>>> print(open('upload.pdb').read())   # PDB, C-alpha atoms and all ligand atoms
ATOM      1  CA  MET A   1       0.313  12.570 -11.905
ATOM      2  CA  LYS A   2       0.633  13.509  -8.259
ATOM      3  CA  GLU A   3       0.217   9.977  -6.903
ATOM      4  CA  ILE A   4       1.332   6.523  -8.012
ATOM      5  CA  SER A   5      -2.204   5.340  -7.202
ATOM      6  CA  LEU A   6      -3.486   7.681  -9.956
ATOM      7  CA  HIS A   7      -1.100   6.063 -12.449
ATOM      8  CA  ILE A   8      -2.394   2.678 -11.286
ATOM      9  CA  LEU A   9      -6.002   3.780 -11.849
ATOM     10  CA  ASP A  10      -5.006   4.931 -15.331
ATOM     11  CA  ILE A  11      -3.066   1.788 -16.298
ATOM     12  CA  VAL A  12      -5.993  -0.386 -15.187
ATOM     13  CA  GLN A  13      -8.200   1.624 -17.586
ATOM     14  CA  ASN A  14      -6.005   0.259 -20.398
ATOM     15  CA  SER A  15      -6.674  -3.274 -19.122
ATOM     16  CA  ILE A  16     -10.424  -2.656 -19.032
ATOM     17  CA  GLU A  17     -10.358  -1.152 -22.528
ATOM     18  CA  ALA A  18      -8.466  -4.271 -23.671
ATOM     19  CA  GLY A  19     -11.373  -6.397 -22.450
ATOM     20  CA  ALA A  20      -9.703  -7.755 -19.318
ATOM     21  CA  THR A  21     -11.908  -9.515 -16.775
ATOM     22  CA  ARG A  22      -9.066 -10.056 -14.300
ATOM     23  CA  VAL A  23      -6.530  -7.501 -13.097
ATOM     24  CA  ALA A  24      -3.894  -8.150 -10.441
ATOM     25  CA  ILE A  25      -2.057  -5.210  -8.883
ATOM     26  CA  ALA A  26       1.030  -5.707  -6.726
ATOM     27  CA  VAL A  27       2.821  -2.940  -4.825
ATOM     28  CA  THR A  28       6.067  -4.067  -3.242
ATOM     29  CA  ALA A  29       8.526  -2.012  -1.231
ATOM     30  CA  ASP A  30      12.062  -3.355  -0.795
ATOM     31  CA  SER A  31      13.994  -1.039   1.492
ATOM     32  CA  GLN A  32      17.208  -3.063   1.264
ATOM     33  CA  ARG A  33      17.355  -2.437  -2.482
ATOM     34  CA  ASP A  34      15.695   0.989  -2.108
ATOM     35  CA  LEU A  35      13.078  -0.097  -4.624
ATOM     36  CA  LEU A  36       9.343   0.306  -5.007
ATOM     37  CA  THR A  37       7.792  -1.988  -7.602
ATOM     38  CA  VAL A  38       4.303  -1.664  -9.045
ATOM     39  CA  ALA A  39       3.022  -4.447 -11.307
ATOM     40  CA  ILE A  40      -0.333  -4.540 -13.090
ATOM     41  CA  ALA A  41      -1.183  -7.798 -14.868
ATOM     42  CA  ASP A  42      -4.337  -8.392 -16.902
ATOM     43  CA  ASN A  43      -5.960 -11.077 -19.057
ATOM     44  CA  GLY A  44      -7.014  -8.651 -21.799
ATOM     45  CA  ARG A  45      -6.436  -9.029 -25.523
ATOM     46  CA  GLY A  46      -2.741  -8.203 -25.337
ATOM     47  CA  MET A  47      -0.592  -6.470 -27.961
ATOM     48  CA  PRO A  48       1.524  -7.611 -30.913
ATOM     49  CA  PRO A  49       5.322  -7.470 -30.329
ATOM     50  CA  ASP A  50       5.906  -4.395 -32.520
ATOM     51  CA  MET A  51       3.326  -2.472 -30.494
ATOM     52  CA  VAL A  52       4.857  -3.543 -27.156
ATOM     53  CA  ALA A  53       8.250  -2.316 -28.358
ATOM     54  CA  LYS A  54       7.039   1.250 -28.888
ATOM     55  CA  VAL A  55       4.194   1.610 -26.452
ATOM     56  CA  THR A  56       5.984   4.166 -24.264
ATOM     57  CA  ASP A  57       6.144   6.444 -27.302
ATOM     58  CA  PRO A  58       3.197   8.858 -27.007
ATOM     59  CA  PHE A  59       2.560   8.678 -30.741
ATOM     60  CA  VAL A  60       1.567   5.046 -30.392
ATOM     61  CA  THR A  61      -2.113   4.644 -29.536
ATOM     62  CA  THR A  62      -5.166   2.794 -30.783
ATOM     63  CA  ARG A  63      -7.314   5.618 -29.464
ATOM     64  CA  THR A  64      -9.470   7.294 -32.078
ATOM     65  CA  THR A  65     -10.415  10.285 -29.931
ATOM     66  CA  ARG A  66      -6.867  11.605 -29.657
ATOM     67  CA  ARG A  67      -3.727  11.086 -31.745
ATOM     68  CA  VAL A  68      -1.489  10.530 -28.742
ATOM     69  CA  GLY A  69      -1.620   7.971 -25.945
ATOM     70  CA  LEU A  70      -0.495   9.434 -22.656
ATOM     71  CA  GLY A  71      -0.902   6.799 -19.971
ATOM     72  CA  LEU A  72       2.177   4.635 -20.468
ATOM     73  CA  PRO A  73       4.553   7.476 -21.513
ATOM     74  CA  LEU A  74       3.561   9.416 -18.366
ATOM     75  CA  LEU A  75       4.192   6.423 -16.114
ATOM     76  CA  ALA A  76       7.538   5.801 -17.859
ATOM     77  CA  ALA A  77       8.546   9.422 -17.224
ATOM     78  CA  THR A  78       7.552   9.246 -13.542
ATOM     79  CA  ALA A  79       9.478   6.000 -13.067
ATOM     80  CA  ARG A  80      12.605   7.336 -14.806
ATOM     81  CA  GLN A  81      12.617  10.624 -12.925
ATOM     82  CA  SER A  82      12.791   8.702  -9.642
ATOM     83  CA  GLY A  83      15.549   6.357 -10.769
ATOM     84  CA  GLY A  84      13.327   3.540 -11.973
ATOM     85  CA  THR A  85      12.178   1.886 -15.174
ATOM     86  CA  LEU A  86       9.032   0.806 -16.986
ATOM     87  CA  THR A  87       8.674  -2.568 -18.666
ATOM     88  CA  VAL A  88       5.722  -3.888 -20.648
ATOM     89  CA  ALA A  89       5.290  -7.569 -21.441
ATOM     90  CA  SER A  90       2.373  -8.690 -23.535
ATOM     91  CA  ALA A  91       1.123 -11.643 -25.549
ATOM     92  CA  GLU A  92      -1.790 -11.430 -27.970
ATOM     93  CA  GLY A  93      -4.795 -13.288 -26.695
ATOM     94  CA  GLU A  94      -3.219 -13.793 -23.280
ATOM     95  CA  GLY A  95      -2.727 -10.505 -21.521
ATOM     96  CA  THR A  96      -0.381  -7.735 -20.556
ATOM     97  CA  LYS A  97       1.849  -7.000 -17.596
ATOM     98  CA  VAL A  98       3.061  -3.479 -16.904
ATOM     99  CA  SER A  99       5.836  -3.176 -14.321
ATOM    100  CA  ALA A 100       7.205   0.088 -13.004
ATOM    101  CA  THR A 101      10.015   0.561 -10.517
ATOM    102  CA  PHE A 102      10.843   3.665  -8.531
ATOM    103  CA  GLY A 103      13.641   4.631  -6.174
ATOM    104  CA  LEU A 104      11.905   4.046  -2.842
ATOM    105  CA  GLY A 105      13.657   6.919  -1.092
ATOM    106  CA  ASN A 106      14.039   9.116  -4.174
ATOM    107  CA  ILE A 107      12.722  12.635  -3.501
ATOM    108  CA  ASP A 108      11.229  12.776  -7.003
ATOM    109  CA  ARG A 109       9.103   9.690  -6.409
ATOM    110  CA  PRO A 110       5.421  10.598  -5.969
ATOM    111  CA  PRO A 111       3.718   9.043  -2.938
ATOM    112  CA  LEU A 112       1.570   5.952  -3.444
ATOM    113  CA  GLY A 113      -1.330   8.156  -2.347
ATOM    114  CA  ASP A 114      -4.943   7.163  -1.990
ATOM    115  CA  MET A 115      -4.871   3.521  -3.092
ATOM    116  CA  ALA A 116      -8.169   2.812  -1.306
ATOM    117  CA  THR A 117     -10.077   5.322  -3.429
ATOM    118  CA  THR A 118      -8.424   4.007  -6.601
ATOM    119  CA  LEU A 119      -9.555   0.431  -5.870
ATOM    120  CA  ALA A 120     -13.025   1.389  -4.598
ATOM    121  CA  CYS A 121     -13.686   3.572  -7.681
ATOM    122  CA  LEU A 122     -12.473   0.825 -10.041
ATOM    123  CA  LEU A 123     -14.900  -1.649  -8.500
ATOM    124  CA  ALA A 124     -17.828   0.775  -8.298
ATOM    125  CA  ALA A 125     -17.573   1.514 -12.029
ATOM    126  CA  ASN A 126     -16.593  -2.068 -13.023
ATOM    127  CA  PRO A 127     -18.503  -4.231 -10.543
ATOM    128  CA  SER A 128     -17.728  -7.557 -12.213
ATOM    129  CA  LEU A 129     -13.977  -6.979 -12.542
ATOM    130  CA  GLU A 130     -11.937  -9.642 -10.734
ATOM    131  CA  LEU A 131      -9.576  -7.215  -9.098
ATOM    132  CA  GLU A 132      -6.751  -8.291  -6.832
ATOM    133  CA  TYR A 133      -4.442  -6.110  -4.818
ATOM    134  CA  ARG A 134      -1.330  -7.121  -2.920
ATOM    135  CA  HIS A 135       0.608  -4.637  -0.836
ATOM    136  CA  ARG A 136       3.939  -5.644   0.692
ATOM    137  CA  ALA A 137       6.184  -3.379   2.744
ATOM    138  CA  GLY A 138       8.535  -3.909   5.683
ATOM    139  CA  GLY A 139       7.728  -7.626   5.907
ATOM    140  CA  ARG A 140       3.998  -6.913   6.182
ATOM    141  CA  GLU A 141       1.397  -7.814   3.630
ATOM    142  CA  PHE A 142      -2.146  -6.702   2.908
ATOM    143  CA  ARG A 143      -4.259  -8.469   0.318
ATOM    144  CA  PHE A 144      -7.601  -7.576  -1.158
ATOM    145  CA  GLY A 145      -9.485  -9.841  -3.537
ATOM    146  CA  ALA A 146     -12.706  -8.570  -5.088
ATOM    147  CA  SER A 147     -14.213 -12.030  -5.632
ATOM    148  CA  GLU A 148     -13.552 -13.084  -2.053
ATOM    149  CA  PHE A 149     -14.943  -9.813  -0.726
ATOM    150  CA  LEU A 150     -18.013 -10.146  -2.928
ATOM    151  CA  GLY A 151     -18.706 -13.518  -1.333
ATOM    152  CA  LYS A 152     -19.167 -11.746   1.994
ATOM    153  CA  LEU A 153     -21.598  -9.258   0.456
ATOM    154  CA  ASP A 154     -24.254 -11.905  -0.126
ATOM    155  CA  GLY A 155     -25.535 -10.771  -3.489
ATOM    156  CA  VAL A 156     -25.017  -7.022  -3.088
ATOM    157  CA  SER A 157     -23.015  -5.527  -5.965
ATOM    158  CA  PHE A 158     -19.878  -3.408  -5.898
ATOM    159  CA  SER A 159     -21.913  -0.840  -7.812
ATOM    160  CA  SER A 160     -23.821   0.046  -4.636
ATOM    161  CA  PRO A 161     -22.535   3.350  -3.176
ATOM    162  CA  VAL A 162     -22.854   1.768   0.274
ATOM    163  CA  VAL A 163     -20.457  -1.008  -0.724
ATOM    164  CA  TYR A 164     -18.103   1.584  -2.247
ATOM    165  CA  ARG A 165     -17.644   3.090   1.208
ATOM    166  CA  VAL A 166     -17.069  -0.302   2.818
ATOM    167  CA  VAL A 167     -14.421  -1.251   0.251
ATOM    168  CA  LYS A 168     -12.634   2.072   0.657
ATOM    169  CA  GLU A 169     -12.575   1.859   4.466
ATOM    170  CA  HIS A 170     -11.496  -1.774   4.403
ATOM    171  CA  VAL A 171      -8.555  -1.136   2.056
ATOM    172  CA  ASP A 172      -7.594   2.037   3.899
ATOM    173  CA  ALA A 173      -7.469   0.227   7.230
ATOM    174  CA  GLY A 174      -5.558  -2.729   5.766
ATOM    175  CA  ILE A 175      -2.876  -0.592   4.158
ATOM    176  CA  ARG A 176      -2.564   1.636   7.204
ATOM    177  CA  GLU A 177      -2.052  -1.384   9.447
ATOM    178  CA  ALA A 178       0.548  -2.926   7.125
ATOM    179  CA  GLN A 179       2.395   0.383   6.941
ATOM    180  CA  SER A 180       2.406   1.114  10.647
ATOM    181  CA  LYS A 181       3.515  -2.405  11.625
ATOM    182  CA  GLY A 182       6.057  -2.644   8.813
ATOM    183  CA  GLY A 183       7.391   0.842   9.500
ATOM    184  CA  ILE A 184       7.349   1.816   5.802
ATOM    185  CA  ALA A 185       4.922   4.474   4.612
ATOM    186  CA  LEU A 186       4.600   4.590   0.853
TER
ATOM    187  CA  MET B   1     -11.092  -8.388  11.609
ATOM    188  CA  VAL B   2     -11.464  -4.736  10.820
ATOM    189  CA  LYS B   3     -14.524  -2.870  11.929
ATOM    190  CA  THR B   4     -15.816  -2.305   8.417
ATOM    191  CA  LEU B   5     -16.180  -6.043   7.872
ATOM    192  CA  GLU B   6     -18.075  -6.439  11.129
ATOM    193  CA  ASP B   7     -20.489  -3.805   9.908
ATOM    194  CA  LEU B   8     -21.091  -5.760   6.749
ATOM    195  CA  ALA B   9     -24.241  -7.513   7.910
ATOM    196  CA  LYS B  10     -25.959  -4.187   8.542
ATOM    197  CA  ILE B  11     -24.720  -2.835   5.245
ATOM    198  CA  LYS B  12     -26.013  -5.859   3.383
ATOM    199  CA  ASP B  13     -29.521  -5.306   4.729
ATOM    200  CA  LYS B  14     -29.426  -1.627   3.892
ATOM    201  CA  ALA B  15     -28.077  -2.205   0.406
ATOM    202  CA  LYS B  16     -30.622  -4.931  -0.270
ATOM    203  CA  ALA B  17     -33.489  -2.692   0.764
ATOM    204  CA  THR B  18     -32.276   0.042  -1.561
ATOM    205  CA  LEU B  19     -31.661  -2.498  -4.309
ATOM    206  CA  SER B  20     -35.354  -3.190  -4.646
ATOM    207  CA  ALA B  21     -35.919   0.543  -4.812
ATOM    208  CA  ARG B  22     -33.365   0.700  -7.618
ATOM    209  CA  SER B  23     -35.254  -1.674  -9.883
ATOM    210  CA  ALA B  24     -38.537   0.068  -9.197
ATOM    211  CA  GLU B  25     -37.397   3.638  -9.855
ATOM    212  CA  GLN B  26     -36.447   5.140 -13.142
ATOM    213  CA  SER B  27     -32.732   4.636 -13.420
ATOM    214  CA  THR B  28     -30.162   7.403 -13.666
ATOM    215  CA  LYS B  29     -26.639   6.807 -14.878
ATOM    216  CA  VAL B  30     -23.608   8.983 -14.167
ATOM    217  CA  VAL B  31     -20.664   8.510 -16.543
ATOM    218  CA  ILE B  32     -17.266   9.929 -15.635
ATOM    219  CA  GLY B  33     -14.378  10.398 -18.075
ATOM    220  CA  MET B  34     -11.517   8.161 -16.958
ATOM    221  CA  GLY B  35      -8.995   8.448 -19.768
ATOM    222  CA  THR B  36      -5.528   9.695 -18.829
ATOM    223  CA  CYS B  37      -6.728  13.239 -19.565
ATOM    224  CA  GLY B  38      -9.630  12.828 -17.101
ATOM    225  CA  ILE B  39      -7.602  11.205 -14.337
ATOM    226  CA  ALA B  40      -4.834  13.833 -14.602
ATOM    227  CA  ALA B  41      -7.486  16.549 -14.272
ATOM    228  CA  GLY B  42      -9.009  15.024 -11.112
ATOM    229  CA  ALA B  43     -11.590  12.460 -12.278
ATOM    230  CA  ARG B  44     -10.907  10.075  -9.387
ATOM    231  CA  GLU B  45     -11.808  12.692  -6.785
ATOM    232  CA  VAL B  46     -14.911  13.566  -8.814
ATOM    233  CA  MET B  47     -16.030   9.932  -8.930
ATOM    234  CA  ALA B  48     -15.263   9.525  -5.211
ATOM    235  CA  ALA B  49     -17.321  12.611  -4.352
ATOM    236  CA  ILE B  50     -20.282  11.410  -6.431
ATOM    237  CA  LEU B  51     -20.215   7.923  -4.884
ATOM    238  CA  ASP B  52     -19.879   9.399  -1.409
ATOM    239  CA  GLU B  53     -22.767  11.783  -1.957
ATOM    240  CA  LEU B  54     -24.975   9.046  -3.447
ATOM    241  CA  GLY B  55     -24.186   6.843  -0.441
ATOM    242  CA  LYS B  56     -25.003   9.570   2.072
ATOM    243  CA  ARG B  57     -28.320  10.244   0.365
ATOM    244  CA  ASN B  58     -28.968   6.519  -0.083
ATOM    245  CA  LEU B  59     -29.590   6.975  -3.817
ATOM    246  CA  ALA B  60     -29.270   3.375  -4.933
ATOM    247  CA  ALA B  61     -31.238   4.002  -8.134
ATOM    248  CA  VAL B  62     -28.210   5.788  -9.556
ATOM    249  CA  THR B  63     -25.383   3.835 -11.158
ATOM    250  CA  VAL B  64     -21.892   5.175 -11.738
ATOM    251  CA  ALA B  65     -19.931   4.179 -14.834
ATOM    252  CA  GLN B  66     -16.781   5.298 -16.610
ATOM    253  CA  THR B  67     -15.672   6.044 -20.126
ATOM    254  CA  GLY B  68     -12.335   6.724 -21.811
ATOM    255  CA  CYS B  69     -11.234   9.906 -23.549
ATOM    256  CA  VAL B  70     -14.070  11.340 -25.656
ATOM    257  CA  GLY B  71     -11.911  13.991 -27.316
ATOM    258  CA  LEU B  72     -12.784  16.881 -24.989
ATOM    259  CA  CYS B  73      -9.558  16.678 -22.986
ATOM    260  CA  ASP B  74      -9.452  20.398 -22.159
ATOM    261  CA  LYS B  75     -12.897  20.118 -20.537
ATOM    262  CA  GLU B  76     -12.041  17.206 -18.232
ATOM    263  CA  PRO B  77     -13.095  16.082 -15.695
ATOM    264  CA  LEU B  78     -16.306  15.328 -17.589
ATOM    265  CA  VAL B  79     -19.485  14.085 -15.938
ATOM    266  CA  GLU B  80     -22.436  12.941 -18.026
ATOM    267  CA  ILE B  81     -25.931  12.455 -16.615
ATOM    268  CA  ILE B  82     -28.107   9.987 -18.490
ATOM    269  CA  ARG B  83     -31.789   9.577 -17.651
ATOM    270  CA  SER B  84     -34.327   7.576 -19.602
ATOM    271  CA  GLY B  85     -36.553   9.768 -21.728
ATOM    272  CA  LYS B  86     -34.402  12.878 -21.312
ATOM    273  CA  PRO B  87     -31.505  14.436 -23.223
ATOM    274  CA  LYS B  88     -28.049  13.494 -21.947
ATOM    275  CA  VAL B  89     -26.302  16.335 -20.148
ATOM    276  CA  MET B  90     -22.508  16.621 -20.193
ATOM    277  CA  TYR B  91     -20.819  18.754 -17.534
ATOM    278  CA  GLY B  92     -17.203  19.871 -17.922
ATOM    279  CA  ARG B  93     -14.362  21.040 -15.655
ATOM    280  CA  ILE B  94     -15.964  19.414 -12.658
ATOM    281  CA  ASN B  95     -14.226  19.116  -9.294
ATOM    282  CA  ALA B  96     -15.280  17.280  -6.124
ATOM    283  CA  GLU B  97     -17.331  20.191  -4.814
ATOM    284  CA  ARG B  98     -19.153  20.700  -8.114
ATOM    285  CA  ALA B  99     -19.733  16.961  -8.321
ATOM    286  CA  ARG B 100     -21.599  17.051  -5.026
ATOM    287  CA  ARG B 101     -23.726  19.905  -6.321
ATOM    288  CA  ILE B 102     -24.538  17.917  -9.453
ATOM    289  CA  VAL B 103     -25.883  15.142  -7.235
ATOM    290  CA  ALA B 104     -27.960  17.550  -5.133
ATOM    291  CA  GLN B 105     -29.234  19.814  -7.872
ATOM    292  CA  ASP B 106     -29.377  17.775 -11.085
ATOM    293  CA  ILE B 107     -29.809  14.170  -9.933
ATOM    294  CA  VAL B 108     -32.016  14.837  -6.910
ATOM    295  CA  ASN B 109     -33.874  18.003  -7.909
ATOM    296  CA  ASP B 110     -33.821  17.580 -11.679
ATOM    297  CA  GLN B 111     -32.376  21.056 -12.299
ATOM    298  CA  ILE B 112     -29.631  21.347 -14.886
ATOM    299  CA  ILE B 113     -26.718  23.571 -13.788
ATOM    300  CA  GLY B 114     -26.396  25.550 -17.008
ATOM    301  CA  GLU B 115     -23.073  27.263 -16.354
ATOM    302  CA  TRP B 116     -21.184  23.918 -16.248
ATOM    303  CA  VAL B 117     -22.861  22.268 -19.242
ATOM    304  CA  VAL B 118     -20.540  21.592 -22.198
ATOM    305  CA  GLY B 119     -23.066  19.702 -24.305
ATOM    306  CA  THR B 120     -26.432  17.984 -24.476
ATOM    307  CA  LYS B 121     -27.531  15.114 -26.668
ATOM    308  CA  ALA B 122     -31.052  13.808 -27.284
TER
HETATM  309  N1  LIG C   1      -3.190  -3.579 -20.922
HETATM  310  C1  LIG C   1      -3.227  -3.406 -22.247
HETATM  311  N2  LIG C   1      -3.723  -4.352 -23.071
HETATM  312  C2  LIG C   1      -3.760  -4.177 -24.422
HETATM  313  N3  LIG C   1      -3.331  -3.051 -25.042
HETATM  314  C3  LIG C   1      -2.833  -2.065 -24.271
HETATM  315  C4  LIG C   1      -2.751  -2.176 -22.843
HETATM  316  N4  LIG C   1      -2.192  -1.045 -22.363
HETATM  317  C5  LIG C   1      -1.969  -0.256 -23.422
HETATM  318  N5  LIG C   1      -2.346  -0.841 -24.586
HETATM  319  C6  LIG C   1      -2.227  -0.280 -25.938
HETATM  320  O1  LIG C   1      -1.268   0.746 -25.886
HETATM  321  C7  LIG C   1      -1.822   1.991 -26.325
HETATM  322  C8  LIG C   1      -1.213   3.130 -25.533
HETATM  323  O2  LIG C   1      -1.640   3.124 -24.154
HETATM  324  P1  LIG C   1      -1.607   4.492 -23.314
HETATM  325  O3  LIG C   1      -2.203   4.240 -21.991
HETATM  326  O4  LIG C   1      -0.240   5.033 -23.348
HETATM  327  O5  LIG C   1      -2.526   5.473 -24.154
HETATM  328  P2  LIG C   1      -4.090   5.350 -24.449
HETATM  329  O6  LIG C   1      -4.722   4.419 -23.462
HETATM  330  O7  LIG C   1      -4.239   5.035 -25.907
HETATM  331  O8  LIG C   1      -4.613   6.834 -24.192
HETATM  332  P3  LIG C   1      -4.661   7.584 -22.760
HETATM  333  O9  LIG C   1      -4.013   6.681 -21.765
HETATM  334  O10 LIG C   1      -3.907   8.834 -23.001
HETATM  335  O11 LIG C   1      -6.083   7.845 -22.424
HETATM  336  C9  LIG C   1      -3.326   1.829 -26.146
HETATM  337  O12 LIG C   1      -4.040   2.646 -27.045
HETATM  338  C10 LIG C   1      -3.523   0.343 -26.404
HETATM  339  O13 LIG C   1      -3.628   0.096 -27.792
HETATM  340 MG    MG C   2      -4.280   4.649 -21.374
END
>>> encode(input="upload.pdb", output="structure tokens")
Amino acid sequence: MKEISLHILDIVQNSIEAGATRVAIAVTADSQRDLLTVAIADNGRGMPPDMVAKVTDPFVTTRTTRRVGLGLPLLAATARQSGGTLTVASAEGEGTKVSATFGLGNIDRPPLGDMATTLACLLAANPSLELEYRHRAGGREFRFGASEFLGKLDGVSFSSPVVYRVVKEHVDAGIREAQSKGGIAL
Amino acid sequence: MVKTLEDLAKIKDKAKATLSARSAEQSTKVVIGMGTCGIAAGAREVMAAILDELGKRNLAAVTVAQTGCVGLCDKEPLVEIIRSGKPKVMYGRINAERARRIVAQDIVNDQIIGEWVVGTKA
């Protein structure tokens, strides 16, 4: 994938397919350790230990439409190629946390890309998802919480195309501000 | 506060007005393939273009949903148009520009774009 935000969109699809109602995404840049960390935690049905152990193997999938699962193996490959790792922690009935690290300054690391469109699309197509996003870079933080935002919308749903635009512009502006003040563009 | 939040009051009114229109009109659903195969082929930009176009045209009667891989990976990005009382139409190899044309021609004007259709289902 050309952007880390596309991987994030894809990994959240796994959470949704696992019945998650809450998904928390955290993107953290640590320039001292030259590390970019992306964590996606959900409250979906989780996986048994033997599945967790081999989930970055493409031949492990519960999909019936295709014999291979591509999402996690692709993210693992992207992380590794930029000097990072992928870890998956999961407990049945509790949820799953996928964590990927990347070399922050590694030339093979894809850019974070269009995170605003990723989040706005997720909410437009899954309007009741309790989505949280936390972006930390250069000592600056931007947070977006779907439930809190929804409170300001006074009964209008995330499924409205008008709200889609508002969410996208809000996240875009928040990330841009955090990046310009923190001096780290991801 | 960012400007977009200040604009929220206006947006709320607009969205509420169109919301009542939504329940009154016959509903149309757009389903976009969002498995890894779809996303790698450009599904996010397709969904973004459709939502943007719907917003510009104030088409609140249309809802946008997603699905996983349906086994037609080589035809992704896939866009399915579902309308009550009509056969479902599945479009394949859609990009942002084509997605906007689907909104204008199929959703608004009710004309199927035959050359992009990969399947129909009653
Ligand atoms: N968050 C999660 N919760 C529960 N199970 C998960 C989660 N993420 C992945 N899995 C399990 O791991 C399998 C592999 O995931 P992966 O994303 O690699 O492929 P896929 O989702 O099956 O197919 P693709 O991503 O190619 O569309 C899934 O089929 C699912 O069974
Ligand atoms: Mg997947």
>>> residues_around(input="upload.pdb", residues="A:Ala124", least_positions_apart="4", cutoff="12 Å", atoms="only C-alpha atoms", output="PyMOL selection string")
(chain A and resi 117-120+128-129+131+146+156-168) or (chain B and resi 30-32+44+47-48+50-52+54-55+62-66)
>>> resolve_selection(input="upload.pdb", expression="the ChimeraX specification (/B :<6) & /A", output="ChimeraX atom specification")
/A:1,10,65,71,125,161-162,170
>>> closest_residue(input="upload.pdb", among="A:Ala178, A:Leu70, A:Val38, A:Leu9", to="ligand LIG 1 (chain C)", atoms="all atoms listed in the file")
A:Leu70
>>> residues_near_ligand(input="upload.pdb", ligand="ligand LIG 1 (chain C)", cutoff="8 Å", atoms="all atoms listed in the file", output="ChimeraX atom specification")
/A:10-20,41-42,44-47,51-52,55-58,60-63,66,68-74,90,95-98 /B:34-37,68-69
>>> residues_around(input="upload.pdb", residues="B:Ile81", least_positions_apart="6", cutoff="6 Å", atoms="all atoms listed in the file", output="list of chain:residue names")
B:Lys29, B:Val30, B:Lys88, B:Val89
>>> closest_residue(input="upload.pdb", among="A:Leu123, A:Ala24, A:Ala137, A:Leu75", to="ligand MG 2 (chain C)", atoms="all atoms listed in the file")
A:Leu75
>>> resolve_selection(input="upload.pdb", expression="the PyMOL selection byres (((chain A and resi 34) around 10) and not hetatm)", output="list in words")
Ala29, Asp30, Ser31, Gln32, Arg33, Leu35, Leu36, Phe102, Gly103, Leu104, Gly105 and Asn106 of chain A
>>> atom_distance(input="upload.pdb", atom1="atom CA of A:Phe59", atom2="atom CA of B:Gly92")
26.1 Å
>>> closest_residue(input="upload.pdb", among="A:Arg80, A:His7, A:Lys2, A:Arg143", to="ligand MG 2 (chain C)", atoms="only C-alpha atoms and all ligand atoms")
A:His7
>>> residues_around(input="upload.pdb", residues="A:Ala26", least_positions_apart="2", cutoff="7 Å", atoms="only C-alpha atoms", output="count of residues only")
8
>>> atom_distance(input="upload.pdb", atom1="atom CA of A:Ile25", atom2="atom CA of A:Ala116")
12.6 Å
>>> atom_distance(input="upload.pdb", atom1="atom CA of B:Asn95", atom2="atom CA of A:Glu169")
22.1 Å
>>> closest_residue(input="upload.pdb", among="A:Glu130, A:Arg67, A:Ala185, A:Thr37", to="A:Thr85", atoms="only C-alpha atoms")
A:Thr37
>>> axis_aligned_box(input="upload.pdb", around="stretch 27-41 of chain B", padding_each_side="6 Å", output="lines of an AutoDock Vina configuration file")
center_x = -18.8
center_y = 10.6
center_z = -16.6
size_x = 39.9
size_y = 23.9
size_z = 18.3
>>> resolve_selection(input="upload.pdb", expression="the PyMOL selection byres (((chain A and resi 138) around 6) and not hetatm)", output="PyMOL selection string")
chain A and resi 137+139-140+182+184
>>> residues_around(input="upload.pdb", residues="B:Arg100", least_positions_apart="2", cutoff="7 Å", atoms="all atoms listed in the file", output="JSON list (two decimals) with C-alpha atoms, keeping the file's coordinate frame")
[["chain", "number", "residue", "atom", "x", "y", "z"],
["B", 49, "ALA", "CA", -17.32, 12.61, -4.35],
["B", 50, "ILE", "CA", -20.28, 11.41, -6.43],
["B", 53, "GLU", "CA", -22.77, 11.78, -1.96],
["B", 96, "ALA", "CA", -15.28, 17.28, -6.12],
["B", 97, "GLU", "CA", -17.33, 20.19, -4.81],
["B", 98, "ARG", "CA", -19.15, 20.70, -8.11],
["B", 102, "ILE", "CA", -24.54, 17.92, -9.45],
["B", 103, "VAL", "CA", -25.88, 15.14, -7.24],
["B", 104, "ALA", "CA", -27.96, 17.55, -5.13]]
